[in-house]
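To start, the structure under review is shown below, and the notes come after it.
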Amino acid sequence: MLQQTVYEAGDETYKADPSAQSSKSLRILCVWRHRVAAFGHYTSRRLCGPYLSSSGCQWCRFNGDTAASSRMVLRVLDRQLLRSAGCRALMARLQRQAQRQTQRQSRGCVYSSVHGFDREEISGKLRAFPGGSVDLLRRDSGIAVLTINNPARMNAFSGSMMVELEERVSQLESWTEGKGLVVQGAAGTFCSGSDLNAVQAISNPQDGMKMCMFMQDALTRLLRLPLISVALVEGRAVGGGSELATACDFRLMTPGSVIQFVHKHMGLVPGWGGAARLVRIVGSRNALKLLGGALKVDPELGLGIGLADGVLEADEDAGTPLQQAENWLRRYTEGPAPVIQAVKKVVLAGRELPLTEALRTEKDVFGTVWGAPANLQALASKSKHR
């Protein structure tokens, strides 16, 4: 007689005997209980063995009504799991993990433990390759400057710099007064991607995938910041540096600067999310040309295909490239921080979500600014008609 039941919740499957008291079965039931609670549903594809009857599963009472069945399963699982103090402790730990995962998702994270992504483990491995820094300066104007600082290696990312980038993004996510961000490289060049010393040391596929997930996550969170961001491209932005440039809302180039996706010369494709973002910026045909041809994009070509949003002046009277970039960004960040952040959120929703979800997000964001101080002050001054 078949005693195992196959449970599915979200994208995970668990097998256990619901009447068993072994620690393994209880742990599986506990994990599955957590998944049902997290997703609010589970699928009907299961092997209920002796529990099946013409009216459904006698144990979980599954009859095709996923919502009602989920509630029944949670009650049954709770009774089963409460018999074990060990599983109660495990459930508490899983609940804490779920809360951390929810916090990461609210920050715009791409990966979580569900995908085998262990942030602490990957950070520890990356820190073994030190060098350079990622510096953050937050100005009273609400514009921050993020500097990739490793000029001895053309601002290539060492392992520790990758971790620092993620930490700086975390700081910016909680910056309530922020409105804009300039991403630049130190000493007149943007970024040359990842440090080859670190790359060679973690060349096995498993660690390479972990680094890929870590940087995809960090750069996606950078793009999803509630700040309007611009990449200040001086000198060269190559390899991972070109991918970093695509993780900003805008790109400004200085005369003589170059953006180049050189990945094919290394026997690779972009792995930090650069290809997906590039397609959205320049279209699939131009993306194929840039990736397949490893073309050097100068300011003229950048403007022509939409990869660059402006070219800065070389005249010293116009100010330094950073000053020019900040002045350019201020056109779009004037006003109260909550309003500018709301603007970024609704645009982000429109860019990434299906229409119905984007509309709902827009409604929710609208509710945060309607009747807020900036709105009331604007109504009182009738600034709409100015």
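The way I read the labels, and the way they are meant: chains A, B, ... in the order of the structure tokens, residue 1 as the first residue of every chain, and ligand 1 as the first ligand shown, with later ones counted on from there.
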Give me the residues near Pro130 in chain A as a list in words, where near means some atom within 8 Å (using only C-alpha atoms) and where sequence neighbours in that chain fewer than 5 positions away do not count. Ser158, Gly159, Ser160 and Met161 of chain A
Could you give me, as a PDB file with N, CA, C and O atoms, in the first residue's frame, the residues within 9 Å of range 172-189 of chain A, counting only C-alpha atoms and dropping anything in the same chain fewer than 6 positions from it?
ATOM      1  N   ARG A 107      12.645  44.709  -1.369  1.00  0.00           N
ATOM      2  CA  ARG A 107      13.754  45.531  -1.845  1.00  0.00           C
ATOM      3  C   ARG A 107      14.040  45.303  -3.323  1.00  0.00           C
ATOM      4  O   ARG A 107      14.963  45.899  -3.867  1.00  0.00           O
ATOM      5  N   ARG A 138      26.433  60.758   0.092  1.00  0.00           N
ATOM      6  CA  ARG A 138      25.057  61.253   0.004  1.00  0.00           C
ATOM      7  C   ARG A 138      25.033  62.737   0.314  1.00  0.00           C
ATOM      8  O   ARG A 138      25.443  63.162   1.389  1.00  0.00           O
ATOM      9  N   ARG A 139      24.561  63.535  -0.632  1.00  0.00           N
ATOM     10  CA  ARG A 139      24.549  64.987  -0.483  1.00  0.00           C
ATOM     11  C   ARG A 139      23.216  65.458   0.098  1.00  0.00           C
ATOM     12  O   ARG A 139      22.184  64.789  -0.023  1.00  0.00           O
ATOM     13  N   ASP A 140      23.267  66.642   0.705  1.00  0.00           N
ATOM     14  CA  ASP A 140      22.042  67.226   1.263  1.00  0.00           C
ATOM     15  C   ASP A 140      21.009  67.532   0.185  1.00  0.00           C
ATOM     16  O   ASP A 140      19.815  67.644   0.470  1.00  0.00           O
ATOM     17  N   SER A 141      21.468  67.658  -1.054  1.00  0.00           N
ATOM     18  CA  SER A 141      20.557  67.944  -2.165  1.00  0.00           C
ATOM     19  C   SER A 141      19.664  66.760  -2.497  1.00  0.00           C
ATOM     20  O   SER A 141      18.716  66.896  -3.284  1.00  0.00           O
ATOM     21  N   GLY A 142      19.957  65.602  -1.922  1.00  0.00           N
ATOM     22  CA  GLY A 142      19.205  64.401  -2.244  1.00  0.00           C
ATOM     23  C   GLY A 142      19.808  63.596  -3.378  1.00  0.00           C
ATOM     24  O   GLY A 142      19.243  62.580  -3.795  1.00  0.00           O
ATOM     25  N   ILE A 143      20.962  64.033  -3.877  1.00  0.00           N
ATOM     26  CA  ILE A 143      21.674  63.296  -4.925  1.00  0.00           C
ATOM     27  C   ILE A 143      22.894  62.619  -4.299  1.00  0.00           C
ATOM     28  O   ILE A 143      23.687  63.274  -3.613  1.00  0.00           O
ATOM     29  N   ALA A 144      23.033  61.331  -4.532  1.00  0.00           N
ATOM     30  CA  ALA A 144      24.164  60.570  -4.024  1.00  0.00           C
ATOM     31  C   ALA A 144      25.129  60.262  -5.162  1.00  0.00           C
ATOM     32  O   ALA A 144      24.744  60.247  -6.343  1.00  0.00           O
ATOM     33  N   VAL A 145      26.384  60.038  -4.802  1.00  0.00           N
ATOM     34  CA  VAL A 145      27.419  59.673  -5.778  1.00  0.00           C
ATOM     35  C   VAL A 145      28.010  58.339  -5.354  1.00  0.00           C
ATOM     36  O   VAL A 145      28.540  58.206  -4.245  1.00  0.00           O
ATOM     37  N   LEU A 146      27.901  57.341  -6.231  1.00  0.00           N
ATOM     38  CA  LEU A 146      28.462  56.014  -5.994  1.00  0.00           C
ATOM     39  C   LEU A 146      29.694  55.858  -6.880  1.00  0.00           C
ATOM     40  O   LEU A 146      29.591  55.967  -8.109  1.00  0.00           O
ATOM     41  N   THR A 147      30.852  55.627  -6.274  1.00  0.00           N
ATOM     42  CA  THR A 147      32.107  55.595  -7.017  1.00  0.00           C
ATOM     43  C   THR A 147      32.737  54.214  -6.967  1.00  0.00           C
ATOM     44  O   THR A 147      32.981  53.667  -5.888  1.00  0.00           O
ATOM     45  N   ILE A 148      33.000  53.654  -8.155  1.00  0.00           N
ATOM     46  CA  ILE A 148      33.726  52.386  -8.263  1.00  0.00           C
ATOM     47  C   ILE A 148      35.208  52.734  -8.230  1.00  0.00           C
ATOM     48  O   ILE A 148      35.729  53.355  -9.157  1.00  0.00           O
ATOM     49  N   ASN A 149      35.886  52.333  -7.169  1.00  0.00           N
ATOM     50  CA  ASN A 149      37.218  52.863  -6.885  1.00  0.00           C
ATOM     51  C   ASN A 149      38.255  51.739  -6.830  1.00  0.00           C
ATOM     52  O   ASN A 149      38.494  51.134  -5.787  1.00  0.00           O
ATOM     53  N   ASN A 150      38.846  51.476  -7.980  1.00  0.00           N
ATOM     54  CA  ASN A 150      39.959  50.525  -8.057  1.00  0.00           C
ATOM     55  C   ASN A 150      40.812  50.889  -9.268  1.00  0.00           C
ATOM     56  O   ASN A 150      40.974  50.105 -10.203  1.00  0.00           O
ATOM     57  N   PRO A 151      41.352  52.114  -9.284  1.00  0.00           N
ATOM     58  CA  PRO A 151      42.014  52.620 -10.497  1.00  0.00           C
ATOM     59  C   PRO A 151      43.222  51.803 -10.934  1.00  0.00           C
ATOM     60  O   PRO A 151      43.557  51.797 -12.128  1.00  0.00           O
ATOM     61  N   MET A 154      41.790  49.537 -13.492  1.00  0.00           N
ATOM     62  CA  MET A 154      40.772  50.171 -14.334  1.00  0.00           C
ATOM     63  C   MET A 154      39.379  50.010 -13.721  1.00  0.00           C
ATOM     64  O   MET A 154      38.390  49.804 -14.410  1.00  0.00           O
ATOM     65  N   ASN A 155      39.344  50.125 -12.395  1.00  0.00           N
ATOM     66  CA  ASN A 155      38.092  50.045 -11.632  1.00  0.00           C
ATOM     67  C   ASN A 155      37.352  48.723 -11.831  1.00  0.00           C
ATOM     68  O   ASN A 155      36.115  48.674 -11.812  1.00  0.00           O
ATOM     69  N   ARG A 221      18.658  45.371  -8.021  1.00  0.00           N
ATOM     70  CA  ARG A 221      18.239  46.242  -6.911  1.00  0.00           C
ATOM     71  C   ARG A 221      18.711  47.680  -7.139  1.00  0.00           C
ATOM     72  O   ARG A 221      18.012  48.628  -6.781  1.00  0.00           O
ATOM     73  N   LEU A 222      19.889  47.849  -7.739  1.00  0.00           N
ATOM     74  CA  LEU A 222      20.368  49.195  -8.066  1.00  0.00           C
ATOM     75  C   LEU A 222      19.408  49.875  -9.039  1.00  0.00           C
ATOM     76  O   LEU A 222      19.031  51.039  -8.848  1.00  0.00           O
ATOM     77  N   LEU A 225      16.067  50.946  -7.404  1.00  0.00           N
ATOM     78  CA  LEU A 225      16.073  51.935  -6.329  1.00  0.00           C
ATOM     79  C   LEU A 225      15.018  53.006  -6.597  1.00  0.00           C
ATOM     80  O   LEU A 225      14.794  53.387  -7.752  1.00  0.00           O
ATOM     81  N   PRO A 226      14.393  53.541  -5.564  1.00  0.00           N
ATOM     82  CA  PRO A 226      13.427  54.631  -5.770  1.00  0.00           C
ATOM     83  C   PRO A 226      14.130  55.964  -5.999  1.00  0.00           C
ATOM     84  O   PRO A 226      13.699  57.006  -5.511  1.00  0.00           O
ATOM     85  N   LEU A 227      15.232  55.916  -6.727  1.00  0.00           N
ATOM     86  CA  LEU A 227      16.029  57.095  -7.064  1.00  0.00           C
ATOM     87  C   LEU A 227      16.204  57.123  -8.576  1.00  0.00           C
ATOM     88  O   LEU A 227      16.328  56.075  -9.215  1.00  0.00           O
ATOM     89  N   ILE A 228      16.239  58.303  -9.158  1.00  0.00           N
ATOM     90  CA  ILE A 228      16.533  58.431 -10.583  1.00  0.00           C
ATOM     91  C   ILE A 228      18.048  58.400 -10.734  1.00  0.00           C
ATOM     92  O   ILE A 228      18.756  59.236 -10.175  1.00  0.00           O
ATOM     93  N   SER A 229      18.552  57.429 -11.478  1.00  0.00           N
ATOM     94  CA  SER A 229      19.994  57.194 -11.521  1.00  0.00           C
ATOM     95  C   SER A 229      20.560  57.459 -12.907  1.00  0.00           C
ATOM     96  O   SER A 229      19.885  57.287 -13.924  1.00  0.00           O
ATOM     97  N   VAL A 230      21.821  57.865 -12.930  1.00  0.00           N
ATOM     98  CA  VAL A 230      22.527  58.104 -14.180  1.00  0.00           C
ATOM     99  C   VAL A 230      23.950  57.579 -14.050  1.00  0.00           C
ATOM    100  O   VAL A 230      24.607  57.770 -13.025  1.00  0.00           O
ATOM    101  N   ALA A 231      24.406  56.864 -15.077  1.00  0.00           N
ATOM    102  CA  ALA A 231      25.792  56.402 -15.139  1.00  0.00           C
ATOM    103  C   ALA A 231      26.622  57.464 -15.848  1.00  0.00           C
ATOM    104  O   ALA A 231      26.301  57.861 -16.973  1.00  0.00           O
ATOM    105  N   LEU A 232      27.658  57.932 -15.185  1.00  0.00           N
ATOM    106  CA  LEU A 232      28.594  58.892 -15.766  1.00  0.00           C
ATOM    107  C   LEU A 232      29.745  58.099 -16.377  1.00  0.00           C
ATOM    108  O   LEU A 232      30.632  57.623 -15.669  1.00  0.00           O
ATOM    109  N   VAL A 233      29.716  57.916 -17.693  1.00  0.00           N
ATOM    110  CA  VAL A 233      30.687  57.066 -18.379  1.00  0.00           C
ATOM    111  C   VAL A 233      31.839  57.931 -18.879  1.00  0.00           C
ATOM    112  O   VAL A 233      31.707  58.685 -19.841  1.00  0.00           O
ATOM    113  N   GLU A 234      32.958  57.806 -18.198  1.00  0.00           N
ATOM    114  CA  GLU A 234      34.219  58.401 -18.636  1.00  0.00           C
ATOM    115  C   GLU A 234      35.156  57.272 -19.036  1.00  0.00           C
ATOM    116  O   GLU A 234      35.089  56.170 -18.493  1.00  0.00           O
ATOM    117  N   GLY A 235      36.055  57.539 -19.961  1.00  0.00           N
ATOM    118  CA  GLY A 235      37.015  56.502 -20.336  1.00  0.00           C
ATOM    119  C   GLY A 235      36.304  55.287 -20.898  1.00  0.00           C
ATOM    120  O   GLY A 235      35.508  55.382 -21.833  1.00  0.00           O
ATOM    121  N   ARG A 236      36.546  54.133 -20.291  1.00  0.00           N
ATOM    122  CA  ARG A 236      36.014  52.888 -20.826  1.00  0.00           C
ATOM    123  C   ARG A 236      35.039  52.241 -19.849  1.00  0.00           C
ATOM    124  O   ARG A 236      35.285  52.188 -18.650  1.00  0.00           O
ATOM    125  N   ALA A 237      33.937  51.743 -20.407  1.00  0.00           N
ATOM    126  CA  ALA A 237      32.998  50.877 -19.674  1.00  0.00           C
ATOM    127  C   ALA A 237      32.938  49.590 -20.467  1.00  0.00           C
ATOM    128  O   ALA A 237      32.237  49.505 -21.485  1.00  0.00           O
ATOM    129  N   LEU A 244      27.091  47.337 -15.777  1.00  0.00           N
ATOM    130  CA  LEU A 244      26.801  48.283 -14.699  1.00  0.00           C
ATOM    131  C   LEU A 244      26.131  49.533 -15.250  1.00  0.00           C
ATOM    132  O   LEU A 244      25.183  50.061 -14.648  1.00  0.00           O
ATOM    133  N   ALA A 245      26.586  50.007 -16.410  1.00  0.00           N
ATOM    134  CA  ALA A 245      25.994  51.211 -17.008  1.00  0.00           C
ATOM    135  C   ALA A 245      24.523  50.995 -17.343  1.00  0.00           C
ATOM    136  O   ALA A 245      23.705  51.917 -17.237  1.00  0.00           O
ATOM    137  N   CYS A 248      21.491  51.612 -14.678  1.00  0.00           N
ATOM    138  CA  CYS A 248      21.051  52.963 -14.317  1.00  0.00           C
ATOM    139  C   CYS A 248      19.931  53.392 -15.269  1.00  0.00           C
ATOM    140  O   CYS A 248      19.801  52.865 -16.378  1.00  0.00           O
ATOM    141  N   SER A 257      34.816  58.695 -24.667  1.00  0.00           N
ATOM    142  CA  SER A 257      34.489  57.508 -23.869  1.00  0.00           C
ATOM    143  C   SER A 257      33.919  56.403 -24.757  1.00  0.00           C
ATOM    144  O   SER A 257      33.455  56.647 -25.872  1.00  0.00           O
ATOM    145  N   LEU A 322      31.520  65.250 -13.282  1.00  0.00           N
ATOM    146  CA  LEU A 322      30.598  64.963 -12.185  1.00  0.00           C
ATOM    147  C   LEU A 322      29.659  66.132 -11.933  1.00  0.00           C
ATOM    148  O   LEU A 322      28.450  65.930 -11.728  1.00  0.00           O
ATOM    149  N   ALA A 325      27.114  66.139 -14.646  1.00  0.00           N
ATOM    150  CA  ALA A 325      26.149  65.049 -14.481  1.00  0.00           C
ATOM    151  C   ALA A 325      25.137  65.378 -13.394  1.00  0.00           C
ATOM    152  O   ALA A 325      23.932  65.124 -13.546  1.00  0.00           O
ATOM    153  N   GLU A 326      25.595  65.953 -12.303  1.00  0.00           N
ATOM    154  CA  GLU A 326      24.676  66.312 -11.223  1.00  0.00           C
ATOM    155  C   GLU A 326      23.721  67.414 -11.674  1.00  0.00           C
ATOM    156  O   GLU A 326      22.523  67.379 -11.361  1.00  0.00           O
ATOM    157  N   LEU A 329      21.118  65.866 -13.866  1.00  0.00           N
ATOM    158  CA  LEU A 329      20.172  65.048 -13.103  1.00  0.00           C
ATOM    159  C   LEU A 329      19.183  65.904 -12.319  1.00  0.00           C
ATOM    160  O   LEU A 329      18.030  65.508 -12.118  1.00  0.00           O
ATOM    161  N   ARG A 330      19.616  67.088 -11.906  1.00  0.00           N
ATOM    162  CA  ARG A 330      18.729  67.957 -11.107  1.00  0.00           C
ATOM    163  C   ARG A 330      17.469  68.375 -11.867  1.00  0.00           C
ATOM    164  O   ARG A 330      16.453  68.685 -11.254  1.00  0.00           O
ATOM    165  N   TYR A 332      15.524  66.535 -13.288  1.00  0.00           N
ATOM    166  CA  TYR A 332      14.504  65.496 -13.080  1.00  0.00           C
ATOM    167  C   TYR A 332      14.307  65.140 -11.614  1.00  0.00           C
ATOM    168  O   TYR A 332      13.482  64.287 -11.303  1.00  0.00           O
ATOM    169  N   THR A 333      15.048  65.799 -10.736  1.00  0.00           N
ATOM    170  CA  THR A 333      14.930  65.477  -9.310  1.00  0.00           C
ATOM    171  C   THR A 333      14.519  66.681  -8.471  1.00  0.00           C
ATOM    172  O   THR A 333      14.562  66.612  -7.238  1.00  0.00           O
ATOM    173  N   GLU A 334      14.148  67.766  -9.128  1.00  0.00           N
ATOM    174  CA  GLU A 334      13.661  68.913  -8.358  1.00  0.00           C
ATOM    175  C   GLU A 334      12.306  68.580  -7.745  1.00  0.00           C
ATOM    176  O   GLU A 334      11.435  68.012  -8.400  1.00  0.00           O
ATOM    177  N   GLY A 335      12.162  68.930  -6.480  1.00  0.00           N
ATOM    178  CA  GLY A 335      10.903  68.659  -5.802  1.00  0.00           C
ATOM    179  C   GLY A 335      11.108  67.797  -4.576  1.00  0.00           C
ATOM    180  O   GLY A 335      12.221  67.341  -4.290  1.00  0.00           O
ATOM    181  N   PRO A 336      10.040  67.537  -3.828  1.00  0.00           N
ATOM    182  CA  PRO A 336      10.145  66.742  -2.596  1.00  0.00           C
ATOM    183  C   PRO A 336      10.548  65.303  -2.897  1.00  0.00           C
ATOM    184  O   PRO A 336      10.123  64.713  -3.899  1.00  0.00           O
ATOM    185  N   ALA A 337      11.343  64.733  -2.010  1.00  0.00           N
ATOM    186  CA  ALA A 337      11.819  63.364  -2.197  1.00  0.00           C
ATOM    187  C   ALA A 337      10.677  62.354  -2.332  1.00  0.00           C
ATOM    188  O   ALA A 337      10.749  61.466  -3.203  1.00  0.00           O
ATOM    189  N   PRO A 338       9.613  62.431  -1.520  1.00  0.00           N
ATOM    190  CA  PRO A 338       8.542  61.439  -1.678  1.00  0.00           C
ATOM    191  C   PRO A 338       7.912  61.454  -3.064  1.00  0.00           C
ATOM    192  O   PRO A 338       7.513  60.402  -3.581  1.00  0.00           O
ATOM    193  N   VAL A 339       7.820  62.631  -3.680  1.00  0.00           N
ATOM    194  CA  VAL A 339       7.221  62.729  -5.000  1.00  0.00           C
ATOM    195  C   VAL A 339       8.150  62.137  -6.057  1.00  0.00           C
ATOM    196  O   VAL A 339       7.719  61.381  -6.941  1.00  0.00           O
ATOM    197  N   ILE A 340       9.443  62.468  -5.992  1.00  0.00           N
ATOM    198  CA  ILE A 340      10.402  61.936  -6.962  1.00  0.00           C
ATOM    199  C   ILE A 340      10.489  60.417  -6.833  1.00  0.00           C
ATOM    200  O   ILE A 340      10.529  59.690  -7.841  1.00  0.00           O
ATOM    201  N   GLN A 341      10.493  59.912  -5.601  1.00  0.00           N
ATOM    202  CA  GLN A 341      10.538  58.466  -5.413  1.00  0.00           C
ATOM    203  C   GLN A 341       9.268  57.816  -5.941  1.00  0.00           C
ATOM    204  O   GLN A 341       9.310  56.715  -6.505  1.00  0.00           O
TER     205      GLN A 341
END
Two-atom distance - CA of Glu121 in chain A, CA of Leu137 in chain A (Å):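 So the two atoms, CA of Glu121 in chain A and CA of Leu137 in chain A, lie 28.1 Å apart.
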Distance query Leu290 in chain A at most 10 Å, only C-alpha atoms, self and fewer than 2 positions along chain excluded, as a list in words: Ile259, Gln260, Phe261, Val262, Ala275, Leu278, Val282, Ser284, Arg285, Asn286, Ala287, Leu288, Gly292, Gly293, Ala294, Leu295, Lys296 and Val297 of chain A
To one decimal place in Å, what is the distance between CA of Phe214 in chain A and CA of Met162 in chain A?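 Taking CA of Phe214 in chain A as the start and CA of Met162 in chain A as the end point, the length is 8.2 Å.
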List the neighbours of Phe129 in chain A out to 12 Å using only C-alpha atoms; skip same-chain residues closer than 2 positions along the sequence, and give me the result as a list in words. Ile122, Ser123, Gly124, Lys125, Leu126, Arg127, Gly131, Gly132, Ser133, Phe157, Ser158, Gly159, Ser160, Met161, Met162, Val163, Ser194, Asp195, Leu196, Asn197, Ala198, Val199, Gln200, Ala201 and Ile202 of chain A
Selected residues written out, N, CA and C atoms, as a PDB file, in the first residue's frame:
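As written to disk, result_12.pdb reads:
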ATOM      1  N   ILE A 122      27.799  33.270  -0.348  1.00  0.00           N
ATOM      2  CA  ILE A 122      28.448  33.874  -1.510  1.00  0.00           C
ATOM      3  C   ILE A 122      29.295  35.072  -1.094  1.00  0.00           C
ATOM      4  N   SER A 123      28.780  35.877  -0.171  1.00  0.00           N
ATOM      5  CA  SER A 123      29.549  37.041   0.302  1.00  0.00           C
ATOM      6  C   SER A 123      30.864  36.597   0.923  1.00  0.00           C
ATOM      7  N   GLY A 124      30.815  35.531   1.706  1.00  0.00           N
ATOM      8  CA  GLY A 124      32.036  35.040   2.332  1.00  0.00           C
ATOM      9  C   GLY A 124      33.084  34.620   1.316  1.00  0.00           C
ATOM     10  N   LYS A 125      32.651  33.965   0.241  1.00  0.00           N
ATOM     11  CA  LYS A 125      33.600  33.547  -0.794  1.00  0.00           C
ATOM     12  C   LYS A 125      34.165  34.748  -1.545  1.00  0.00           C
ATOM     13  N   LEU A 126      33.307  35.730  -1.817  1.00  0.00           N
ATOM     14  CA  LEU A 126      33.771  36.900  -2.562  1.00  0.00           C
ATOM     15  C   LEU A 126      34.739  37.748  -1.749  1.00  0.00           C
ATOM     16  N   ARG A 127      34.533  37.817  -0.450  1.00  0.00           N
ATOM     17  CA  ARG A 127      35.425  38.613   0.393  1.00  0.00           C
ATOM     18  C   ARG A 127      36.851  38.062   0.419  1.00  0.00           C
ATOM     19  N   GLY A 131      40.441  44.118  -2.500  1.00  0.00           N
ATOM     20  CA  GLY A 131      41.026  45.124  -3.371  1.00  0.00           C
ATOM     21  C   GLY A 131      40.009  46.163  -3.768  1.00  0.00           C
ATOM     22  N   GLY A 132      40.422  47.435  -3.775  1.00  0.00           N
ATOM     23  CA  GLY A 132      39.540  48.509  -4.188  1.00  0.00           C
ATOM     24  C   GLY A 132      38.417  48.744  -3.202  1.00  0.00           C
ATOM     25  N   SER A 133      37.479  49.587  -3.594  1.00  0.00           N
ATOM     26  CA  SER A 133      36.350  49.904  -2.729  1.00  0.00           C
ATOM     27  C   SER A 133      35.208  50.449  -3.582  1.00  0.00           C
ATOM     28  N   PHE A 157      35.950  45.155 -10.645  1.00  0.00           N
ATOM     29  CA  PHE A 157      35.369  44.693  -9.390  1.00  0.00           C
ATOM     30  C   PHE A 157      36.171  43.523  -8.833  1.00  0.00           C
ATOM     31  N   SER A 158      36.750  43.719  -7.661  1.00  0.00           N
ATOM     32  CA  SER A 158      37.266  42.576  -6.914  1.00  0.00           C
ATOM     33  C   SER A 158      36.089  41.895  -6.223  1.00  0.00           C
ATOM     34  N   GLY A 159      36.352  40.752  -5.589  1.00  0.00           N
ATOM     35  CA  GLY A 159      35.274  40.078  -4.877  1.00  0.00           C
ATOM     36  C   GLY A 159      34.709  40.924  -3.753  1.00  0.00           C
ATOM     37  N   SER A 160      35.600  41.563  -2.990  1.00  0.00           N
ATOM     38  CA  SER A 160      35.120  42.382  -1.871  1.00  0.00           C
ATOM     39  C   SER A 160      34.349  43.599  -2.364  1.00  0.00           C
ATOM     40  N   MET A 161      34.698  44.109  -3.541  1.00  0.00           N
ATOM     41  CA  MET A 161      33.958  45.245  -4.085  1.00  0.00           C
ATOM     42  C   MET A 161      32.537  44.846  -4.482  1.00  0.00           C
ATOM     43  N   MET A 162      32.369  43.616  -4.951  1.00  0.00           N
ATOM     44  CA  MET A 162      31.019  43.148  -5.267  1.00  0.00           C
ATOM     45  C   MET A 162      30.146  43.159  -4.015  1.00  0.00           C
ATOM     46  N   VAL A 163      30.721  42.714  -2.904  1.00  0.00           N
ATOM     47  CA  VAL A 163      29.983  42.710  -1.640  1.00  0.00           C
ATOM     48  C   VAL A 163      29.697  44.142  -1.199  1.00  0.00           C
ATOM     49  N   SER A 194      34.881  42.659 -14.032  1.00  0.00           N
ATOM     50  CA  SER A 194      35.368  41.934 -12.857  1.00  0.00           C
ATOM     51  C   SER A 194      36.876  41.727 -12.943  1.00  0.00           C
ATOM     52  N   ASP A 195      37.506  41.727 -11.782  1.00  0.00           N
ATOM     53  CA  ASP A 195      38.948  41.519 -11.677  1.00  0.00           C
ATOM     54  C   ASP A 195      39.284  40.099 -12.122  1.00  0.00           C
ATOM     55  N   LEU A 196      40.151  39.959 -13.118  1.00  0.00           N
ATOM     56  CA  LEU A 196      40.466  38.638 -13.659  1.00  0.00           C
ATOM     57  C   LEU A 196      41.109  37.727 -12.619  1.00  0.00           C
ATOM     58  N   ASN A 197      41.794  38.292 -11.624  1.00  0.00           N
ATOM     59  CA  ASN A 197      42.374  37.454 -10.575  1.00  0.00           C
ATOM     60  C   ASN A 197      41.282  36.711  -9.819  1.00  0.00           C
ATOM     61  N   ALA A 198      40.201  37.434  -9.509  1.00  0.00           N
ATOM     62  CA  ALA A 198      39.080  36.803  -8.820  1.00  0.00           C
ATOM     63  C   ALA A 198      38.359  35.833  -9.737  1.00  0.00           C
ATOM     64  N   VAL A 199      38.192  36.216 -11.005  1.00  0.00           N
ATOM     65  CA  VAL A 199      37.481  35.365 -11.960  1.00  0.00           C
ATOM     66  C   VAL A 199      38.206  34.033 -12.130  1.00  0.00           C
ATOM     67  N   GLN A 200      39.534  34.084 -12.260  1.00  0.00           N
ATOM     68  CA  GLN A 200      40.293  32.852 -12.443  1.00  0.00           C
ATOM     69  C   GLN A 200      40.222  31.954 -11.212  1.00  0.00           C
ATOM     70  N   ALA A 201      40.125  32.569 -10.041  1.00  0.00           N
ATOM     71  CA  ALA A 201      40.089  31.787  -8.804  1.00  0.00           C
ATOM     72  C   ALA A 201      38.731  31.116  -8.595  1.00  0.00           C
ATOM     73  N   ILE A 202      37.678  31.645  -9.203  1.00  0.00           N
ATOM     74  CA  ILE A 202      36.347  31.055  -9.035  1.00  0.00           C
ATOM     75  C   ILE A 202      35.801  30.615 -10.391  1.00  0.00           C
TER      76      ILE A 202
END
With distances taken over only C-alpha atoms, which of A:Met253, A:Leu359, A:Val258, A:Ala342 is nearest to Glu313 in chain A?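 The shortest atom-to-atom distance to Glu313 in chain A comes from A:Met253.
The two atoms in question, CA of Pro270 in chain A and CA of Lys210 in chain A, are spaced 14.3 Å apart.
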Which is closer to His263 in chain A than all the others in A:Val311, A:Leu223, A:Ser192, A:Ala152, using only C-alpha atoms?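 Of A:Val311, A:Leu223, A:Ser192, A:Ala152, the one nearest His263 in chain A, counting only C-alpha atoms, is A:Ser192.
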Among A:Gly302, A:Asn327, A:Phe117, A:Glu166, Asp207 in chain A is approached most closely, using only C-alpha atoms, by A:Phe117
Go through A:Gly239, A:Gly283, A:Gly271, A:Gly116 and flag the residue nearest Ala156 in chain A, using only C-alpha atoms for the distances. A:Gly239
